[in-house]
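Structure data follow from input.txt (compact mmCIF, C-alpha atoms and all ligand atoms):
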# COMPACT_ATOMS: atom_id res chain seq x y z
CA MET P 1 18.92 -109.67 68.22
CA GLU P 2 16.70 -106.65 68.68
CA ALA P 3 17.95 -103.84 66.44
CA ASN P 4 18.42 -100.40 67.92
CA PRO P 5 15.55 -98.40 66.32
CA ASN P 6 17.83 -95.37 65.91
CA TRP P 7 20.10 -97.43 63.66
CA LEU P 8 17.51 -98.21 60.97
CA ALA P 9 18.77 -95.70 58.43
CA PRO P 10 15.95 -95.14 55.90
CA CYS P 11 18.47 -95.02 53.01
CA GLY P 12 19.55 -98.64 53.65
CA LEU P 13 22.98 -97.86 55.15
CA TYR P 14 22.41 -99.70 58.42
CA CYS P 15 24.08 -97.75 61.27
CA GLY P 16 25.25 -100.84 63.17
CA VAL P 17 28.08 -101.43 60.66
CA CYS P 18 29.06 -97.76 60.13
CA GLY P 19 32.64 -96.68 60.87
CA ILE P 20 31.38 -93.54 62.63
CA MET P 21 29.35 -95.74 64.96
CA TYR P 22 32.36 -97.98 65.65
CA ALA P 23 34.52 -94.93 66.41
CA THR P 24 31.82 -93.61 68.75
CA ARG P 25 31.39 -96.85 70.65
CA ASP P 26 35.05 -97.87 70.79
CA ASP P 27 36.19 -94.44 71.95
CA ASN P 28 39.27 -94.88 69.74
CA PRO P 29 40.88 -91.46 69.01
CA LYS P 30 43.25 -92.83 66.38
CA PHE P 31 40.42 -94.41 64.41
CA ALA P 32 38.35 -91.23 64.79
CA GLU P 33 41.24 -89.16 63.38
CA LYS P 34 41.43 -91.44 60.37
CA LEU P 35 37.70 -91.16 59.68
CA ALA P 36 37.89 -87.37 60.11
CA THR P 37 40.38 -87.33 57.23
CA VAL P 38 38.23 -89.62 55.07
CA TYR P 39 35.09 -87.51 55.67
CA ASN P 40 36.97 -84.21 55.61
CA LEU P 41 35.55 -83.07 58.97
CA PRO P 42 37.04 -82.01 62.32
CA VAL P 43 37.53 -85.02 64.61
CA GLU P 44 34.92 -83.62 67.06
CA GLU P 45 32.32 -84.42 64.39
CA ILE P 46 33.19 -88.13 64.33
CA HIS P 47 30.38 -89.35 66.56
CA CYS P 48 26.86 -90.64 66.05
CA ALA P 49 24.03 -92.25 68.00
CA GLY P 50 22.36 -93.50 64.83
CA CYS P 51 20.62 -91.94 61.87
CA LEU P 52 17.27 -91.61 63.68
CA ALA P 53 18.66 -90.20 66.95
CA GLU P 54 17.95 -86.59 67.87
CA GLY P 55 19.63 -83.45 66.47
CA GLU P 56 23.32 -83.10 67.28
CA GLU P 57 23.62 -86.75 68.26
CA VAL P 58 23.49 -87.62 64.56
CA PHE P 59 26.63 -87.56 62.39
CA ALA P 60 26.99 -84.18 60.62
CA TYR P 61 26.26 -85.41 57.08
CA CYS P 62 23.40 -87.71 58.09
CA ARG P 63 21.79 -84.90 60.14
CA VAL P 64 20.98 -83.06 56.90
CA CYS P 65 20.37 -86.06 54.65
CA PRO P 66 17.75 -85.39 51.91
CA ILE P 67 16.88 -89.09 51.75
CA LYS P 68 15.92 -89.11 55.42
CA SER P 69 13.70 -86.02 55.03
CA CYS P 70 12.08 -87.52 51.95
CA VAL P 71 11.27 -90.82 53.64
CA SER P 72 9.89 -88.98 56.68
CA THR P 73 7.71 -86.74 54.49
CA ARG P 74 6.30 -89.78 52.73
CA GLY P 75 5.63 -91.51 56.05
CA TYR P 76 7.74 -94.56 55.21
CA GLU P 77 10.14 -96.52 57.37
CA GLY P 78 12.69 -96.49 54.58
CA CYS P 79 13.39 -96.48 50.86
CA ASN P 80 12.39 -100.14 50.89
CA GLU P 81 8.76 -98.98 50.91
CA CYS P 82 9.10 -96.49 48.06
CA ASP P 83 7.95 -97.10 44.48
CA ASP P 84 10.09 -94.21 43.20
CA TRP P 85 13.36 -95.81 44.37
CA PRO P 86 16.04 -95.35 43.12
CA CYS P 87 15.30 -91.63 42.71
CA GLU P 88 17.58 -88.66 42.05
CA SER P 89 18.69 -88.48 45.72
CA ILE P 90 20.04 -92.01 45.39
CA GLU P 91 21.63 -91.33 42.00
CA LYS P 92 23.42 -88.31 43.46
CA PHE P 93 24.52 -89.98 46.69
CA PRO P 94 27.94 -88.40 47.39
CA MET P 95 29.90 -91.44 48.69
CA PRO P 96 30.57 -94.16 46.04
CA VAL P 97 30.78 -97.03 48.55
CA GLY P 98 27.61 -95.79 50.22
CA LYS P 99 25.78 -95.71 46.91
CA LYS P 100 26.99 -99.18 46.01
CA VAL P 101 25.76 -100.53 49.35
CA ILE P 102 22.41 -98.73 48.99
CA MET P 103 21.87 -100.32 45.58
CA ARG P 104 22.54 -103.74 47.09
CA ALA P 105 20.81 -103.32 50.44
CA VAL P 106 17.48 -101.66 49.62
CA PRO P 107 16.16 -104.42 47.31
CA HIS P 108 17.21 -106.97 49.91
CA TRP P 109 15.50 -105.01 52.71
CA ARG P 110 12.35 -104.85 50.58
CA GLU P 111 12.48 -108.60 50.02
CA VAL P 112 13.26 -109.92 53.51
CA GLY P 113 11.89 -107.23 55.85
CA THR P 114 13.59 -105.13 58.51
CA GLU P 115 14.56 -107.78 61.07
CA GLN P 116 16.27 -110.04 58.53
CA TRP P 117 17.89 -107.12 56.72
CA VAL P 118 19.54 -106.02 59.98
CA ALA P 119 20.67 -109.57 60.77
CA ASP P 120 22.12 -109.94 57.27
CA GLU P 121 23.98 -106.62 57.43
CA GLU P 122 25.42 -107.55 60.84
CA ALA P 123 26.54 -110.94 59.47
CA ARG P 124 28.00 -109.52 56.27
CA TYR P 125 30.59 -107.22 57.84
CA VAL P 126 32.80 -109.79 59.47
CA CYS P 127 36.46 -110.46 58.59
CA PRO P 128 36.80 -113.78 56.69
CA SER P 129 40.27 -114.31 58.18
CA CYS P 130 39.79 -113.60 61.89
CA GLY P 131 36.08 -113.03 62.50
CA ALA P 132 36.45 -109.45 63.76
CA LYS P 133 33.66 -107.01 62.96
CA LEU P 134 34.32 -104.79 59.94
CA PHE P 135 32.88 -101.41 59.25
CA ARG P 136 31.22 -100.67 55.92
CA GLY P 137 33.81 -99.49 53.40
CA ALA P 138 36.79 -100.95 55.30
CA LYS P 139 39.73 -101.88 53.07
CA ARG P 140 41.63 -103.73 55.76
CA CYS P 141 40.62 -105.60 58.91
CA ARG P 142 41.41 -103.49 61.98
CA GLN P 143 42.34 -106.61 63.95
CA CYS P 144 44.37 -108.93 61.67
CA LYS P 145 45.21 -106.29 59.01
CA GLU P 146 44.19 -108.57 56.14
CA PRO P 147 42.76 -106.75 53.09
CA VAL P 148 38.95 -107.00 52.99
CA ASP P 149 36.12 -106.02 50.68
CA ALA P 150 33.51 -104.60 53.01
CA ASP P 151 30.70 -103.34 50.81
ZN ZN L 201 40.65 -109.96 60.47
Would you give me this structure, written as structure tokens?
Amino acid sequence: MEANPNWLAPCGLYCGVCGIMYATRDDNPKFAEKLATVYNLPVEEIHCAGCLAEGEEVFAYCRVCPIKSCVSTRGYEGCNECDDWPCESIEKFPMPVGKKVIMRAVPHWREVGTEQWVADEEARYVCPSCGAKLFRGAKRCRQCKEPVDAD
């Protein structure tokens, strides 16, 4: 599968398994409302075309992400190329699940390369009970309602 280039978040939080992306693509107002509560934002902000999309198309928090600016300044594709990782921006990452995933995903990305990293992230977020796609951080499968550990 060819990864959408806008989804290759430099921090290692691959956009293809992000809840905001699912809410955007599914056009599911109830799910969007729930995420708006989790992220403490108005529901109009629950949309994204991927971390590397243009301006307002990017989710509000990711639009102003210091990790993204840092990687761009250094001319890297992502933190996988950086010898200073994990730096202070990673240490201070505001979402605990996000930070946990970053700490897992970046070394793996570095080891296997971009194509395999994307394939592995896509494969990882699948419900063990019913096979439905999960979003990163999900506590429960949206399809079969079984509890899941999606990190
Ligand atoms: Zn399920």
**Request:** Taking only C-alpha atoms and all ligand atoms into account, report as a list in words which residues have an atom no farther than 6 Å from an atom of ligand ZN 201 (chain L).
**Result:**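 Within the 6 Å cut-off, the matching residues are Cys127, Ser129, Cys130, Gly131, Ala132, Cys141, Gln143, Cys144 and Glu146 of chain P.
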Restricting the output to C-alpha atoms, write the selected residues as a short mmCIF file (atom, residue, chain, number, x, y, z; two decimals), in the frame of the given file.
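Output (result_20.cif):
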data_model
loop_
_atom_site.label_atom_id
_atom_site.label_comp_id
_atom_site.auth_asym_id
_atom_site.auth_seq_id
_atom_site.Cartn_x
_atom_site.Cartn_y
_atom_site.Cartn_z
CA CYS P 127 36.46 -110.46 58.59
CA SER P 129 40.27 -114.31 58.18
CA CYS P 130 39.79 -113.60 61.89
CA GLY P 131 36.08 -113.03 62.50
CA ALA P 132 36.45 -109.45 63.76
CA CYS P 141 40.62 -105.60 58.91
CA GLN P 143 42.34 -106.61 63.95
CA CYS P 144 44.37 -108.93 61.67
CA GLU P 146 44.19 -108.57 56.14
#
Report as AutoDock Vina command-line options the centre and the edge lengths, in Å to one decimal, of the axis-aligned box holding every listed atom of region 68-77 of chain P, padded by 4 Å on each side.
--center_x 10.8 --center_y -91.3 --center_z 54.7 --size_x 18.3 --size_y 18.5 --size_z 13.4
**Asked** Quick one: residues within 12 Å of Asp83 (chain P), only C-alpha atoms counted, chain neighbours fewer than 4 positions away excluded, as a list of chain:residue names?
**Response**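 The neighbour list is P:Val71, P:Arg74, P:Tyr76, P:Gly78, P:Cys79, P:Cys87, P:Val106, P:Pro107, P:Arg110.
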Preceding selection exported with C-alpha atoms as an mmCIF file, in the coordinates of the input:
data_model
loop_
_atom_site.group_PDB
_atom_site.id
_atom_site.type_symbol
_atom_site.label_atom_id
_atom_site.label_comp_id
_atom_site.auth_asym_id
_atom_site.auth_seq_id
_atom_site.Cartn_x
_atom_site.Cartn_y
_atom_site.Cartn_z
ATOM 1 C CA VAL P 71 11.270 -90.820 53.640
ATOM 2 C CA ARG P 74 6.300 -89.780 52.730
ATOM 3 C CA TYR P 76 7.740 -94.560 55.210
ATOM 4 C CA GLY P 78 12.690 -96.490 54.580
ATOM 5 C CA CYS P 79 13.390 -96.480 50.860
ATOM 6 C CA CYS P 87 15.300 -91.630 42.710
ATOM 7 C CA VAL P 106 17.480 -101.660 49.620
ATOM 8 C CA PRO P 107 16.160 -104.420 47.310
ATOM 9 C CA ARG P 110 12.350 -104.850 50.580
#
**Prompt:** Between P:Ile90, P:Val58, P:Cys11, P:Val17, which one has atoms that come closest to Val118 (chain P), using all atoms listed in the file?
**Reply:**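 Going through P:Ile90, P:Val58, P:Cys11, P:Val17 one by one, the smallest distance to Val118 (chain P) is for P:Val17.
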**Request:** Grab the CA of Cys51 (chain P) to CA of Gly98 (chain P) distance for me, in Å with one decimal place.
**Result:**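 Here the two named atoms are 14.1 Å from each other.
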**Prompt:** Could you state the separation of CA of Trp85 (chain P) and CA of Pro10 (chain P) in Å, given to one decimal place?
**Reply:**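 Here the two named atoms are 11.8 Å from each other.
The smallest atom-to-atom distance between Arg25 (chain P) and any of P:Met95, P:Leu13, P:Ile46, P:Cys70, using all atoms listed in the file, is found for P:Ile46.
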**Prompt:** So how far away is CA of Glu91 (chain P) from CA of Met103 (chain P), in Å?
**Reply:**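 So the answer is 9.7 Å.
Across P:Lys34, P:Asn80, P:Pro66, P:Lys92, the tightest approach to Val112 (chain P) is made by P:Asn80 when counting all atoms listed in the file.
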**Message:** Within 12 Å of (32.1, -85.5, 68.9) in the file's own coordinates, which protein, DNA or RNA residues have an atom, counting all atoms listed in the file? List them as a ChimeraX atom specification.
**Reply:** /P:20-21,23-25,27-29,32-33,36,41-49,56-60
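Distances from P:Phe135, P:Trp109, P:Tyr61, P:Tyr125 to Pro94 (chain P) were compared using all atoms listed in the file, and the smallest one belongs to P:Tyr61.
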